[in-house]
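Trainee: So that you have it, the file is query.txt, and it contains compact mmCIF, C-alpha atoms and all ligand atoms:
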```txt
# COMPACT_ATOMS: atom_id res chain seq x y z
CA MET A 22 0.00 0.00 0.00
CA PHE A 23 1.44 3.38 -1.08
CA ASP A 24 0.66 6.71 0.58
CA LEU A 25 -0.44 8.33 -2.67
CA VAL A 26 -0.83 7.17 -6.28
CA LEU A 27 -1.48 9.46 -9.24
CA ARG A 28 -3.01 7.43 -12.08
CA ASN A 29 -2.42 7.68 -15.80
CA ALA A 30 -0.41 10.91 -15.87
CA ASN A 31 1.57 12.62 -18.63
CA LEU A 32 5.12 13.79 -17.96
CA ALA A 33 6.86 16.84 -19.41
CA ASP A 34 9.24 14.64 -21.45
CA GLY A 35 6.30 13.32 -23.50
CA ARG A 36 5.71 10.00 -21.73
CA SER A 37 2.05 9.31 -20.94
CA GLY A 38 -0.24 6.82 -19.23
CA LEU A 39 2.02 6.52 -16.19
CA ASP A 40 1.13 5.86 -12.57
CA ILE A 41 3.25 7.67 -9.99
CA ALA A 42 3.38 6.00 -6.58
CA VAL A 43 4.54 7.82 -3.46
CA ALA A 44 5.74 6.28 -0.19
CA ASP A 45 7.60 7.78 2.77
CA GLY A 46 7.87 11.16 1.06
CA ARG A 47 9.60 9.77 -2.05
CA ILE A 48 8.54 8.68 -5.50
CA ALA A 49 8.59 4.90 -5.00
CA ALA A 50 7.61 3.84 -8.52
CA ILE A 51 6.70 5.21 -11.93
CA GLY A 52 5.12 2.86 -14.43
CA ARG A 53 2.06 1.63 -16.28
CA GLY A 54 -0.70 -0.06 -14.34
CA ILE A 55 0.89 -0.18 -10.90
CA GLU A 56 -1.29 -2.68 -9.05
CA ALA A 57 -0.80 -1.72 -5.42
CA ARG A 58 -3.26 0.89 -4.23
CA GLY A 59 -2.55 4.16 -2.48
CA ARG A 60 -4.19 5.39 0.69
CA GLU A 61 -5.05 8.34 -1.56
CA GLU A 62 -5.72 7.80 -5.25
CA VAL A 63 -5.78 10.68 -7.75
CA ASP A 64 -7.02 10.34 -11.32
CA ALA A 65 -4.51 12.26 -13.48
CA THR A 66 -5.71 10.84 -16.80
CA GLY A 67 -4.32 12.86 -19.69
CA ARG A 68 -2.96 15.53 -17.39
CA LEU A 69 0.57 16.75 -16.86
CA VAL A 70 2.48 16.01 -13.68
CA CYS A 71 5.62 18.12 -13.35
CA PRO A 72 8.06 19.05 -10.61
CA PRO A 73 7.27 22.26 -8.67
CA PHE A 74 7.88 25.59 -10.36
CA VAL A 75 11.09 27.47 -9.61
CA ASP A 76 11.49 31.23 -9.27
CA PRO A 77 15.21 32.02 -9.24
CA HIS A 78 14.76 35.80 -8.95
CA PHE A 79 12.38 37.49 -6.53
CA HIS A 80 12.15 40.30 -3.95
CA MET A 81 10.32 38.87 -0.96
CA ASP A 82 11.13 41.83 1.32
CA ALA A 83 9.20 44.22 -0.95
CA THR A 84 6.35 42.00 -2.10
CA LEU A 85 2.70 43.01 -1.54
CA SER A 86 3.77 46.52 -0.47
CA LEU A 87 2.11 48.18 -3.48
CA GLY A 88 0.96 51.73 -2.67
CA LEU A 89 3.22 52.09 0.37
CA PRO A 90 3.84 54.96 0.82
CA ARG A 91 2.71 55.92 -2.72
CA MET A 92 2.55 54.57 -6.27
CA ASN A 93 5.37 54.59 -8.85
CA ARG A 94 4.18 57.30 -11.27
CA SER A 95 6.84 57.08 -14.00
CA GLY A 96 6.95 53.28 -13.99
CA THR A 97 10.74 53.31 -14.18
CA LEU A 98 13.30 51.21 -12.34
CA LEU A 99 14.87 54.35 -10.90
CA GLU A 100 11.61 55.71 -9.43
CA GLY A 101 10.98 52.23 -8.04
CA ILE A 102 14.35 52.31 -6.26
CA ALA A 103 13.64 55.83 -4.96
CA LEU A 104 10.16 54.77 -3.77
CA TRP A 105 11.57 51.70 -2.03
CA GLY A 106 14.02 54.10 -0.34
CA GLU A 107 11.05 56.09 1.01
CA LEU A 108 9.38 52.92 2.26
CA LYS A 109 12.44 51.38 3.94
CA PRO A 110 12.41 53.56 7.10
CA LEU A 111 8.74 52.67 7.59
CA LEU A 112 9.22 48.89 7.35
CA THR A 113 8.83 46.66 10.39
CA VAL A 114 10.04 43.09 10.68
CA GLU A 115 6.52 41.95 11.61
CA ALA A 116 4.84 43.55 8.59
CA MET A 117 7.50 42.23 6.19
CA VAL A 118 7.18 38.70 7.58
CA GLU A 119 3.41 38.86 7.37
CA ARG A 120 3.43 40.02 3.73
CA ALA A 121 6.09 37.48 2.76
CA LEU A 122 4.18 34.61 4.35
CA ARG A 123 1.03 35.67 2.54
CA TYR A 124 3.02 35.63 -0.70
CA CYS A 125 4.36 32.17 0.13
CA ASP A 126 0.78 30.93 0.60
CA LEU A 127 0.01 32.23 -2.88
CA ALA A 128 3.20 30.61 -4.22
CA VAL A 129 2.20 27.21 -2.80
CA SER A 130 -1.22 27.46 -4.42
CA ARG A 131 0.62 28.07 -7.72
CA GLY A 132 2.90 25.07 -7.25
CA LEU A 133 5.90 27.37 -6.75
CA LEU A 134 8.10 25.72 -4.11
CA PHE A 135 11.61 26.98 -4.89
CA ILE A 136 12.35 30.70 -4.64
CA ARG A 137 15.55 32.73 -4.62
CA SER A 138 14.95 36.16 -3.12
CA HIS A 139 17.23 39.18 -3.17
CA VAL A 140 17.23 40.88 0.22
CA ASP A 141 18.08 44.58 0.35
CA VAL A 142 20.89 44.92 2.89
CA SER A 143 21.43 48.68 2.41
CA ASP A 144 19.58 49.74 5.57
CA PRO A 145 21.78 49.88 8.70
CA THR A 146 19.13 48.11 10.80
CA LEU A 147 19.27 45.02 8.52
CA ARG A 148 15.59 44.55 9.37
CA THR A 149 15.02 43.09 5.91
CA ALA A 150 17.62 40.35 6.51
CA GLU A 151 16.18 39.59 9.95
CA ALA A 152 12.66 39.32 8.52
CA MET A 153 13.62 37.18 5.53
CA ILE A 154 15.67 34.78 7.66
CA ALA A 155 12.56 34.32 9.84
CA VAL A 156 10.48 33.67 6.73
CA ARG A 157 13.06 31.20 5.34
CA GLU A 158 12.78 29.25 8.60
CA ALA A 159 8.98 29.41 8.74
CA VAL A 160 8.45 28.11 5.21
CA LYS A 161 11.26 25.55 5.28
CA PRO A 162 8.90 22.54 5.46
CA TYR A 163 7.37 23.44 2.10
CA ILE A 164 9.38 26.12 0.26
CA GLU A 165 13.13 26.19 -0.32
CA LEU A 166 13.91 29.89 0.01
CA GLN A 167 17.43 31.07 -0.89
CA LEU A 168 18.40 34.57 0.24
CA VAL A 169 20.81 36.87 -1.63
CA ALA A 170 22.58 39.70 0.23
CA PHE A 171 21.70 42.47 -2.21
CA PRO A 172 23.17 45.98 -1.86
CA GLN A 173 20.22 47.70 -3.55
CA ASP A 174 21.61 51.24 -3.16
CA GLY A 175 25.04 50.28 -4.51
CA TYR A 176 27.97 48.44 -2.93
CA TYR A 177 30.22 51.51 -3.24
CA ARG A 178 27.59 54.19 -3.86
CA SER A 179 25.79 53.70 -0.55
CA ALA A 180 27.63 54.59 2.65
CA GLY A 181 28.22 51.57 4.86
CA ALA A 182 27.15 49.01 2.24
CA VAL A 183 30.47 47.15 2.28
CA ASP A 184 30.15 46.49 6.00
CA LEU A 185 26.39 45.81 5.86
CA LEU A 186 26.76 43.17 3.16
CA ALA A 187 29.39 41.34 5.22
CA ARG A 188 27.17 41.54 8.33
CA ALA A 189 24.18 40.21 6.40
CA LEU A 190 26.24 37.24 5.20
CA ASP A 191 27.39 36.67 8.80
CA MET A 192 23.69 36.56 9.79
CA GLY A 193 23.25 33.63 7.41
CA LEU A 194 22.17 34.91 4.00
CA ASP A 195 23.00 32.37 1.32
CA LEU A 196 24.41 34.25 -1.69
CA VAL A 197 26.36 37.36 -2.62
CA GLY A 198 24.46 39.96 -4.68
CA GLY A 199 25.36 43.20 -6.42
CA ILE A 200 24.11 45.98 -8.69
CA PRO A 201 27.08 47.25 -10.75
CA HIS A 202 25.01 49.38 -13.16
CA PHE A 203 23.74 51.44 -10.20
CA GLU A 204 27.22 52.34 -8.92
CA ARG A 205 28.38 55.90 -9.67
CA THR A 206 30.67 54.95 -12.55
CA MET A 207 31.35 52.01 -14.81
CA ALA A 208 34.71 51.68 -13.05
CA ASP A 209 33.02 51.46 -9.64
CA GLY A 210 30.64 48.86 -11.05
CA ALA A 211 33.53 46.73 -12.29
CA ALA A 212 35.37 47.16 -8.98
CA SER A 213 32.25 46.06 -7.08
CA LEU A 214 32.14 42.83 -9.08
CA GLU A 215 35.78 42.08 -8.28
CA ALA A 216 35.09 42.66 -4.57
CA LEU A 217 31.86 40.65 -4.51
CA CYS A 218 33.34 37.67 -6.37
CA ARG A 219 36.31 37.73 -4.00
CA ILE A 220 33.93 37.60 -1.01
CA ALA A 221 32.07 34.68 -2.60
CA ALA A 222 35.33 32.80 -3.20
CA GLU A 223 36.54 33.40 0.36
CA ARG A 224 33.23 32.38 1.93
CA GLY A 225 32.47 29.54 -0.47
CA LEU A 226 29.16 31.12 -1.53
CA PRO A 227 27.32 31.41 -4.85
CA VAL A 228 26.81 34.77 -6.57
CA ASP A 229 23.71 36.32 -8.15
CA ILE A 230 24.14 39.82 -9.55
CA HIS A 231 21.53 42.30 -10.78
CA CYS A 232 23.58 42.94 -13.89
CA ASP A 233 23.11 45.56 -16.59
CA GLU A 234 19.40 46.15 -15.88
CA THR A 235 19.37 49.09 -18.24
CA ASP A 236 18.77 49.96 -21.90
CA ASP A 237 22.31 51.39 -22.13
CA PRO A 238 24.10 49.25 -24.73
CA LEU A 239 27.43 50.23 -23.21
CA SER A 240 26.56 48.74 -19.82
CA ARG A 241 28.89 45.74 -20.07
CA HIS A 242 29.24 44.52 -16.50
CA ILE A 243 28.30 40.99 -17.52
CA GLU A 244 31.64 40.87 -19.31
CA THR A 245 33.44 41.68 -16.04
CA LEU A 246 31.25 39.24 -14.09
CA CYS A 247 32.27 36.44 -16.46
CA ALA A 248 35.95 37.36 -16.23
CA GLU A 249 35.88 37.50 -12.40
CA THR A 250 33.97 34.19 -12.31
CA VAL A 251 36.81 32.52 -14.19
CA ARG A 252 39.53 34.34 -12.24
CA PHE A 253 38.11 33.26 -8.86
CA GLY A 254 37.18 29.75 -10.04
CA LEU A 255 33.47 30.30 -9.42
CA GLN A 256 32.23 28.53 -12.57
CA GLY A 257 28.85 26.88 -12.00
CA ARG A 258 27.85 29.05 -9.06
CA VAL A 259 27.35 32.51 -10.59
CA ALA A 260 24.21 33.99 -12.12
CA GLY A 261 23.75 37.22 -14.04
CA SER A 262 20.20 38.47 -13.50
CA HIS A 263 18.35 40.67 -16.00
CA LEU A 264 21.16 41.36 -18.56
CA THR A 265 18.73 43.69 -20.35
CA SER A 266 21.44 45.90 -21.86
CA MET A 267 22.28 42.92 -24.10
CA HIS A 268 19.02 43.66 -25.94
CA SER A 269 20.44 46.99 -27.11
CA MET A 270 24.06 45.98 -27.70
CA ASP A 271 25.92 46.00 -30.97
CA ASN A 272 25.47 42.61 -32.61
CA TYR A 273 29.16 41.96 -33.14
CA TYR A 274 29.98 42.67 -29.51
CA ALA A 275 27.04 40.52 -28.35
CA SER A 276 28.35 37.57 -30.36
CA LYS A 277 31.68 37.78 -28.55
CA LEU A 278 29.98 38.30 -25.19
CA ILE A 279 27.62 35.32 -25.49
CA ALA A 280 30.56 33.00 -26.10
CA LEU A 281 32.25 34.48 -23.02
CA ILE A 282 29.15 33.84 -20.88
CA ALA A 283 29.01 30.23 -22.09
CA GLU A 284 32.71 29.72 -21.43
CA SER A 285 32.48 31.06 -17.87
CA GLY A 286 29.48 28.88 -16.94
CA VAL A 287 27.49 31.91 -15.75
CA ASP A 288 23.72 31.34 -15.69
CA ALA A 289 21.42 33.97 -17.20
CA ILE A 290 18.22 34.82 -15.34
CA ALA A 291 15.77 36.95 -17.31
CA ASN A 292 12.68 38.49 -15.75
CA PRO A 293 10.23 38.88 -18.63
CA LEU A 294 7.33 40.55 -16.80
CA ILE A 295 9.57 43.19 -15.27
CA ASN A 296 11.92 43.64 -18.23
CA ILE A 297 9.06 44.34 -20.65
CA THR A 298 7.56 46.75 -18.10
CA LEU A 299 10.60 48.72 -16.89
CA GLN A 300 12.84 48.80 -19.95
CA GLY A 301 12.23 51.07 -22.92
CA ARG A 302 10.71 53.74 -20.69
CA HIS A 303 13.00 56.41 -22.11
CA ASP A 304 12.18 55.45 -25.70
CA THR A 305 9.63 57.18 -27.88
CA TYR A 306 8.89 54.89 -30.84
CA PRO A 307 9.96 52.26 -31.62
CA LYS A 308 10.12 51.10 -27.97
CA ARG A 309 12.64 48.42 -27.14
CA ARG A 310 11.39 45.20 -25.52
CA GLY A 311 14.44 45.27 -23.28
CA MET A 312 14.77 41.56 -22.65
CA THR A 313 18.09 39.78 -22.91
CA ARG A 314 18.95 37.63 -25.95
CA VAL A 315 17.41 34.38 -24.79
CA PRO A 316 17.44 32.22 -27.95
CA GLU A 317 21.03 33.17 -28.74
CA LEU A 318 22.17 32.48 -25.16
CA MET A 319 20.40 29.12 -25.16
CA ALA A 320 21.86 28.20 -28.55
CA ALA A 321 25.33 28.88 -27.13
CA GLY A 322 24.65 26.45 -24.27
CA VAL A 323 24.04 29.02 -21.52
CA ASN A 324 21.54 27.96 -18.87
CA VAL A 325 18.72 30.54 -19.09
CA ALA A 326 16.02 30.63 -16.41
CA TYR A 327 13.11 33.00 -15.89
CA GLY A 328 12.26 34.82 -12.67
CA HIS A 329 9.13 36.62 -11.49
CA ASP A 330 11.17 39.40 -9.81
CA CYS A 331 8.26 41.43 -8.39
CA VAL A 332 4.65 41.07 -7.30
CA MET A 333 2.74 44.19 -6.22
CA ASP A 334 5.69 46.27 -5.07
CA PRO A 335 7.35 49.62 -5.94
CA TRP A 336 8.41 48.28 -9.34
CA TYR A 337 5.42 46.25 -10.51
CA ALA A 338 1.72 46.59 -9.71
CA LEU A 339 0.72 43.19 -11.11
CA GLY A 340 1.73 39.54 -10.71
CA SER A 341 0.33 36.57 -8.85
CA GLY A 342 3.16 34.15 -8.14
CA ASP A 343 2.39 32.32 -11.36
CA MET A 344 5.53 31.10 -13.13
CA LEU A 345 3.41 30.03 -16.09
CA GLU A 346 2.45 33.68 -16.58
CA VAL A 347 6.18 34.45 -16.53
CA ALA A 348 6.81 31.73 -19.13
CA SER A 349 3.95 32.99 -21.30
CA MET A 350 5.27 36.55 -21.27
CA ALA A 351 8.76 35.27 -22.10
CA ALA A 352 7.44 33.32 -25.08
CA HIS A 353 5.83 36.50 -26.42
CA VAL A 354 8.72 38.88 -25.77
CA THR A 355 11.36 36.51 -27.16
CA GLN A 356 9.06 35.44 -30.02
CA MET A 357 9.96 31.84 -29.12
CA THR A 358 6.54 30.61 -30.18
CA SER A 359 7.48 27.48 -32.14
CA ARG A 360 6.52 24.16 -30.51
CA GLU A 361 10.13 23.78 -29.35
CA GLY A 362 10.30 27.41 -28.22
CA LEU A 363 7.19 27.03 -26.08
CA ARG A 364 8.54 23.86 -24.47
CA THR A 365 11.68 25.85 -23.71
CA ALA A 366 9.61 28.50 -21.91
CA PHE A 367 8.25 25.78 -19.62
CA GLU A 368 11.76 24.44 -18.96
CA ALA A 369 12.97 27.94 -18.07
CA VAL A 370 10.54 28.05 -15.08
CA THR A 371 11.22 24.46 -14.02
CA THR A 372 14.44 22.56 -14.79
CA ASN A 373 16.57 25.55 -15.85
CA GLY A 374 15.59 27.45 -12.71
CA ALA A 375 16.43 24.40 -10.60
CA ARG A 376 19.84 24.28 -12.23
CA ALA A 377 20.42 27.99 -11.59
CA MET A 378 19.42 27.52 -7.93
CA ARG A 379 21.49 24.33 -7.73
CA ILE A 380 18.60 22.29 -6.35
CA GLU A 381 19.65 18.69 -5.85
CA GLY A 382 17.37 15.81 -6.80
CA TYR A 383 14.92 18.00 -8.73
CA GLY A 384 12.54 16.21 -11.09
CA ILE A 385 10.01 13.43 -11.40
CA ALA A 386 12.07 10.26 -10.97
CA GLU A 387 12.01 7.12 -8.87
CA GLY A 388 13.81 7.74 -5.59
CA ALA A 389 13.43 11.53 -5.78
CA SER A 390 11.56 13.50 -3.15
CA ALA A 391 7.84 13.39 -3.99
CA ASP A 392 7.60 17.06 -4.98
CA LEU A 393 5.12 17.43 -7.81
CA VAL A 394 2.33 19.44 -9.34
CA LEU A 395 -0.71 18.14 -11.23
CA LEU A 396 -1.87 20.59 -13.91
CA GLN A 397 -5.12 20.98 -15.83
CA ALA A 398 -3.15 20.66 -19.07
CA ARG A 399 -1.93 17.73 -21.07
CA ASP A 400 1.58 18.97 -21.82
CA PRO A 401 4.00 21.83 -21.13
CA ILE A 402 2.82 23.88 -24.13
CA GLU A 403 -0.80 23.75 -23.02
CA ALA A 404 0.33 24.59 -19.49
CA VAL A 405 2.00 27.77 -20.75
CA ARG A 406 -0.90 28.68 -23.06
CA LEU A 407 -3.55 28.33 -20.36
CA LYS A 408 -1.47 29.23 -17.30
CA ALA A 409 -3.11 26.02 -16.28
CA ALA A 410 -4.83 25.41 -12.95
CA ARG A 411 -2.74 23.61 -10.33
CA LEU A 412 -5.03 20.79 -9.30
CA LEU A 413 -2.64 19.28 -6.76
CA VAL A 414 0.59 20.50 -5.18
CA VAL A 415 2.66 17.91 -3.32
CA LYS A 416 5.88 18.32 -1.31
CA GLY A 417 7.67 15.36 0.24
CA GLY A 418 4.57 13.25 -0.37
CA ARG A 419 2.29 15.64 1.51
CA ILE A 420 -0.55 17.34 -0.36
CA LEU A 421 -0.14 21.09 0.25
CA ALA A 422 -2.86 22.46 -2.03
CA ARG A 423 -5.79 21.27 -4.12
CA ALA A 424 -7.99 23.06 -6.65
CA GLU A 425 -10.94 22.14 -8.82
CA PRO A 426 -10.50 22.10 -12.62
CA ARG A 427 -11.51 25.34 -14.33
CA VAL A 428 -14.69 24.33 -16.16
CA SER A 429 -17.45 26.75 -17.16
CA ARG A 430 -21.12 25.80 -17.48
CA LEU A 431 -22.70 27.55 -20.48
CA ASP A 432 -26.30 28.37 -21.09
CA LEU A 433 -26.49 28.70 -24.90
CA PRO A 434 -29.29 27.48 -27.17
CA GLY A 435 -28.29 24.29 -29.00
CA ARG A 436 -24.67 24.23 -27.75
CA PRO A 437 -23.02 21.78 -25.36
CA GLY A 438 -23.13 22.95 -21.78
CA LEU A 439 -19.58 22.58 -20.47
CA VAL A 440 -16.32 24.27 -21.51
CA ASP A 441 -13.14 22.71 -20.19
CA GLU A 442 -10.44 25.16 -21.24
CA ALA A 443 -7.92 22.31 -21.54
CA SER A 444 -9.84 20.64 -24.38
CA TYR A 445 -8.53 22.68 -27.26
CA ALA A 446 -5.22 21.01 -28.05
CA PRO A 447 -3.89 21.50 -31.60
CA ARG A 448 -4.68 18.68 -34.00
CA GLU A 449 -1.14 17.29 -34.05
CA GLU A 450 -1.39 16.43 -30.38
CA LEU A 451 -4.91 14.94 -30.29
FE FE2 B 1 15.43 42.04 -9.10
```
Translate this structure into structure tokens?
Ligand code: FE2
Mentor:
Amino acid sequence: MFDLVLRNANLADGRSGLDIAVADGRIAAIGRGIEARGREEVDATGRLVCPPFVDPHFHMDATLSLGLPRMNRSGTLLEGIALWGELKPLLTVEAMVERALRYCDLAVSRGLLFIRSHVDVSDPTLRTAEAMIAVREAVKPYIELQLVAFPQDGYYRSAGAVDLLARALDMGLDLVGGIPHFERTMADGAASLEALCRIAAERGLPVDIHCDETDDPLSRHIETLCAETVRFGLQGRVAGSHLTSMHSMDNYYASKLIALIAESGVDAIANPLINITLQGRHDTYPKRRGMTRVPELMAAGVNVAYGHDCVMDPWYALGSGDMLEVASMAAHVTQMTSREGLRTAFEAVTTNGARAMRIEGYGIAEGASADLVLLQARDPIEAVRLKAARLLVVKGGRILARAEPRVSRLDLPGRPGLVDEASYAPREEL
């Protein structure tokens, strides 16, 4: 007798008609027609079972603070940073923890169980770090939350940031962050990357840098990040987040740069919802999309993952913790709308994110932790198209969330009465 058996499921790799049996928190067996019963049986016929979604770039200390103390009128990154600066003195640990836990509830309902959050460590009180460490502990049974020590106001530009970042790491934050394009000069930005990579090497920590989040084609800090990664032997544990300046770069230079990123083993984390919203704000027409060069990076062998970045905070008034919405936006902005391109969008919010966050044992496999999501979709493409309902969210064999399928009952003369939104697969897949 198993604890839980999902019957007749599809997997993201195209296999179908499989039973998935769970015992003692692990996937005990995957196969056709498993005879032993489960204490709980779930009919997954024709529906996709995938590992939990992964968000490798988020700001949990700012989430759900929209409107505090006012709204971002220009919609720019820089007003967002200024607005966050107005809010910081008003923040309390209790309110931040409460908002973050509410966001984590939402994340669980969306099947999002792995999150890397940048924590602003610019404020001398380090309240943000204290609050996020408390949240990391509180959600540990169901969400793996990684915390980046992020000098939002600049590592060299903001007084005391050098000391504050070290103190935040001493408190137990997990990664070294940075924001070179926000330093006073390009030279300061480059120097900050040298210092931050040195800290990571000395402390044995990974690195995740807000890098070149600008439309300025001459913002080339990713080049320095790659060089410092190689110099300090940090290959495989460094991520460059955003990289939006690459959108606007000269094509010849970009072709050299992409090879350099691949060579250095630096992961690229794009944030489609935020990039399409914040970039191009200084343009008239045509307006740049401002997202990094995803297909070219992927073709060069760079691991590209997508992050949500913001939900209802000084930078972004929308969002709902839905990584399928992130994947959908990415597919549009990158124009990766072929069948293969759409499958790639799904991978960028699952397996690629897991690789960027260095999550061990991620995936649906015998012996792996029973972490899985049942979707109201038959395959990854339909999941992205529909931002499909999460019918079941399971962590370590325990069911964390359930939802009913989204089905509408129509009242139309002479037409069938029910619409199941997941019944409109393209002919090739029927
Ligand atoms: Fe960010």
Trainee: What residues of the protein or nucleic acid chains come within 7 Å of ligand FE2 1 (chain B) when you use all atoms listed in the file? Reply as a VMD selection string.
Mentor: chain A and resid 78 to 80 139 231 330
Trainee: Counting only C-alpha atoms, which residues sit no farther than 12 Å from the position (16.3, 21.1, -6.5) in the file's frame? I'd like them as JSON, numbers by chain.
Mentor: {"A": [72, 73, 74, 75, 76, 77, 134, 135, 136, 137, 164, 165, 166, 167, 371, 372, 373, 374, 375, 376, 377, 378, 379, 380, 381, 382, 383, 384, 385, 389, 390, 391, 392, 393, 416]}
Trainee: Could you name the residues that touch Ala443 in chain A at 10 Å or less, counting only C-alpha atoms, but leaving out those on the same chain fewer than 2 positions away, as a PyMOL selection string?
Mentor: chain A and resi 68+396-399+403-404+406-407+409-410+426-428+440-441+445-446
Trainee: Those residues with C-alpha atoms, as a tab-separated table (two decimals), in the coordinates of the input please?
Mentor:
```tsv
chain	number	residue	atom	x	y	z
A	68	ARG	CA	-2.96	15.53	-17.39
A	396	LEU	CA	-1.87	20.59	-13.91
A	397	GLN	CA	-5.12	20.98	-15.83
A	398	ALA	CA	-3.15	20.66	-19.07
A	399	ARG	CA	-1.93	17.73	-21.07
A	403	GLU	CA	-0.80	23.75	-23.02
A	404	ALA	CA	0.33	24.59	-19.49
A	406	ARG	CA	-0.90	28.68	-23.06
A	407	LEU	CA	-3.55	28.33	-20.36
A	409	ALA	CA	-3.11	26.02	-16.28
A	410	ALA	CA	-4.83	25.41	-12.95
A	426	PRO	CA	-10.50	22.10	-12.62
A	427	ARG	CA	-11.51	25.34	-14.33
A	428	VAL	CA	-14.69	24.33	-16.16
A	440	VAL	CA	-16.32	24.27	-21.51
A	441	ASP	CA	-13.14	22.71	-20.19
A	445	TYR	CA	-8.53	22.68	-27.26
A	446	ALA	CA	-5.22	21.01	-28.05
```
Trainee: Quick one: of A:Cys247, A:Ala30, A:Leu439, A:Val129, who's nearest to Val415 in chain A, counting all atoms listed in the file?
Mentor: A:Val129
Trainee: Pick from A:Gln256, A:Asn296, A:Thr358, A:Thr113: nearest to Arg148 in chain A, with all atoms listed in the file counted?
Mentor: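 That would be A:Thr113, the residue with the smallest distance to Arg148 in chain A.
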Trainee: Quick one: everything within 12 Å of Ile420 in chain A, counting all atoms listed in the file, minus sequence neighbours fewer than 4 positions away in the same chain. Send it as number ranges by chain.
Mentor: A: 24-27, 43, 46, 61-63, 129-130, 132, 163, 391-395, 411-416, 424
Trainee: Of the candidates A:His353, A:Arg314, A:Arg205, A:Arg91, which shows the shortest atom-to-atom distance to Trp105 in chain A, using all atoms listed in the file?
Mentor: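 Smallest separation from Trp105 in chain A among the options: A:Arg91.
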Trainee: Taking the point (30.7, 30.6, -18.7) as given in the file, collect each protein or nucleic acid residue that comes within 8 Å of it, counting all atoms listed in the file, and present the set as an mmCIF file with C-alpha atoms, in the coordinates of the input.
Mentor:
```
data_model
loop_
_atom_site.group_PDB
_atom_site.id
_atom_site.type_symbol
_atom_site.label_atom_id
_atom_site.label_comp_id
_atom_site.auth_asym_id
_atom_site.auth_seq_id
_atom_site.Cartn_x
_atom_site.Cartn_y
_atom_site.Cartn_z
ATOM 1 C CA CYS A 247 32.270 36.440 -16.460
ATOM 2 C CA VAL A 251 36.810 32.520 -14.190
ATOM 3 C CA GLN A 256 32.230 28.530 -12.570
ATOM 4 C CA GLY A 257 28.850 26.880 -12.000
ATOM 5 C CA ALA A 280 30.560 33.000 -26.100
ATOM 6 C CA LEU A 281 32.250 34.480 -23.020
ATOM 7 C CA ILE A 282 29.150 33.840 -20.880
ATOM 8 C CA ALA A 283 29.010 30.230 -22.090
ATOM 9 C CA GLU A 284 32.710 29.720 -21.430
ATOM 10 C CA SER A 285 32.480 31.060 -17.870
ATOM 11 C CA GLY A 286 29.480 28.880 -16.940
ATOM 12 C CA VAL A 287 27.490 31.910 -15.750
ATOM 13 C CA ASP A 288 23.720 31.340 -15.690
ATOM 14 C CA VAL A 323 24.040 29.020 -21.520
#
```
Trainee: Write out as a list in words each polymer residue whose atoms come within 8 Å of Glu215 in chain A, counting all atoms listed in the file; drop sequence neighbours fewer than 3 positions from it.
Mentor: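 Non-adjacent residues within range: Ala211, Ala212, Cys218, Arg219, Leu246 and Glu249 of chain A.
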Trainee: If we count only C-alpha atoms and set the cut-off at 8 Å, which residues sit around Tyr176 in chain A, ignoring sequence neighbours fewer than 5 positions away in its own chain? Please answer as a PyMOL selection string.
Mentor: chain A and resi 182-183+199-201+204+213
Trainee: Quick one: write out the picked residues with C-alpha atoms as a PDB file, in the coordinates of the input?
Mentor:
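Below is the file that was written, selection33.pdb:
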```
ATOM      1  CA  ALA A 182      27.150  49.010   2.240  1.00  0.00           C
ATOM      2  CA  VAL A 183      30.470  47.150   2.280  1.00  0.00           C
ATOM      3  CA  GLY A 199      25.360  43.200  -6.420  1.00  0.00           C
ATOM      4  CA  ILE A 200      24.110  45.980  -8.690  1.00  0.00           C
ATOM      5  CA  PRO A 201      27.080  47.250 -10.750  1.00  0.00           C
ATOM      6  CA  GLU A 204      27.220  52.340  -8.920  1.00  0.00           C
ATOM      7  CA  SER A 213      32.250  46.060  -7.080  1.00  0.00           C
TER       8      SER A 213
END
```
Trainee: Choose the residue, out of A:His268, A:Arg94, A:His263, A:Arg310, that has the smallest atom-to-atom separation from Tyr327 in chain A; count all atoms listed in the file.
Mentor: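 The answer is A:His263, which sits nearest to Tyr327 in chain A.
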Trainee: Identify which of the residues A:Gly59, A:Pro316, A:Gly67, A:Pro145 lies closest to Gly38 in chain A, counting all atoms listed in the file when measuring atom-to-atom distances.
Mentor: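 Nearest candidate to Gly38 in chain A out of A:Gly59, A:Pro316, A:Gly67, A:Pro145: A:Gly67.
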Trainee: Would you compute the distance between CA of Pro401 in chain A and CA of Ser341 in chain A? Give it in Å to one decimal.
Mentor: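 A separation of 19.5 Å between them.
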Trainee: Find the distance between CA of Ala321 in chain A and CA of His242 in chain A and write it in Å to one decimal.
Mentor: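 Computing it gives 19.3 Å between the two atoms.
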Trainee: Name the residues in contact with Asp82 in chain A at a cut-off of 7 Å, using all atoms listed in the file, excluding same-chain residues fewer than 2 positions from it; report them as a short mmCIF file (atom, residue, chain, number, x, y, z; two decimals) with C-alpha atoms, in the coordinates of the input.
Mentor:
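Now in selection_5.cif:
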```
data_model
loop_
_atom_site.label_atom_id
_atom_site.label_comp_id
_atom_site.auth_asym_id
_atom_site.auth_seq_id
_atom_site.Cartn_x
_atom_site.Cartn_y
_atom_site.Cartn_z
CA HIS A 80 12.15 40.30 -3.95
CA THR A 84 6.35 42.00 -2.10
CA MET A 117 7.50 42.23 6.19
CA ALA A 121 6.09 37.48 2.76
CA VAL A 140 17.23 40.88 0.22
CA THR A 149 15.02 43.09 5.91
CA MET A 153 13.62 37.18 5.53
#
```
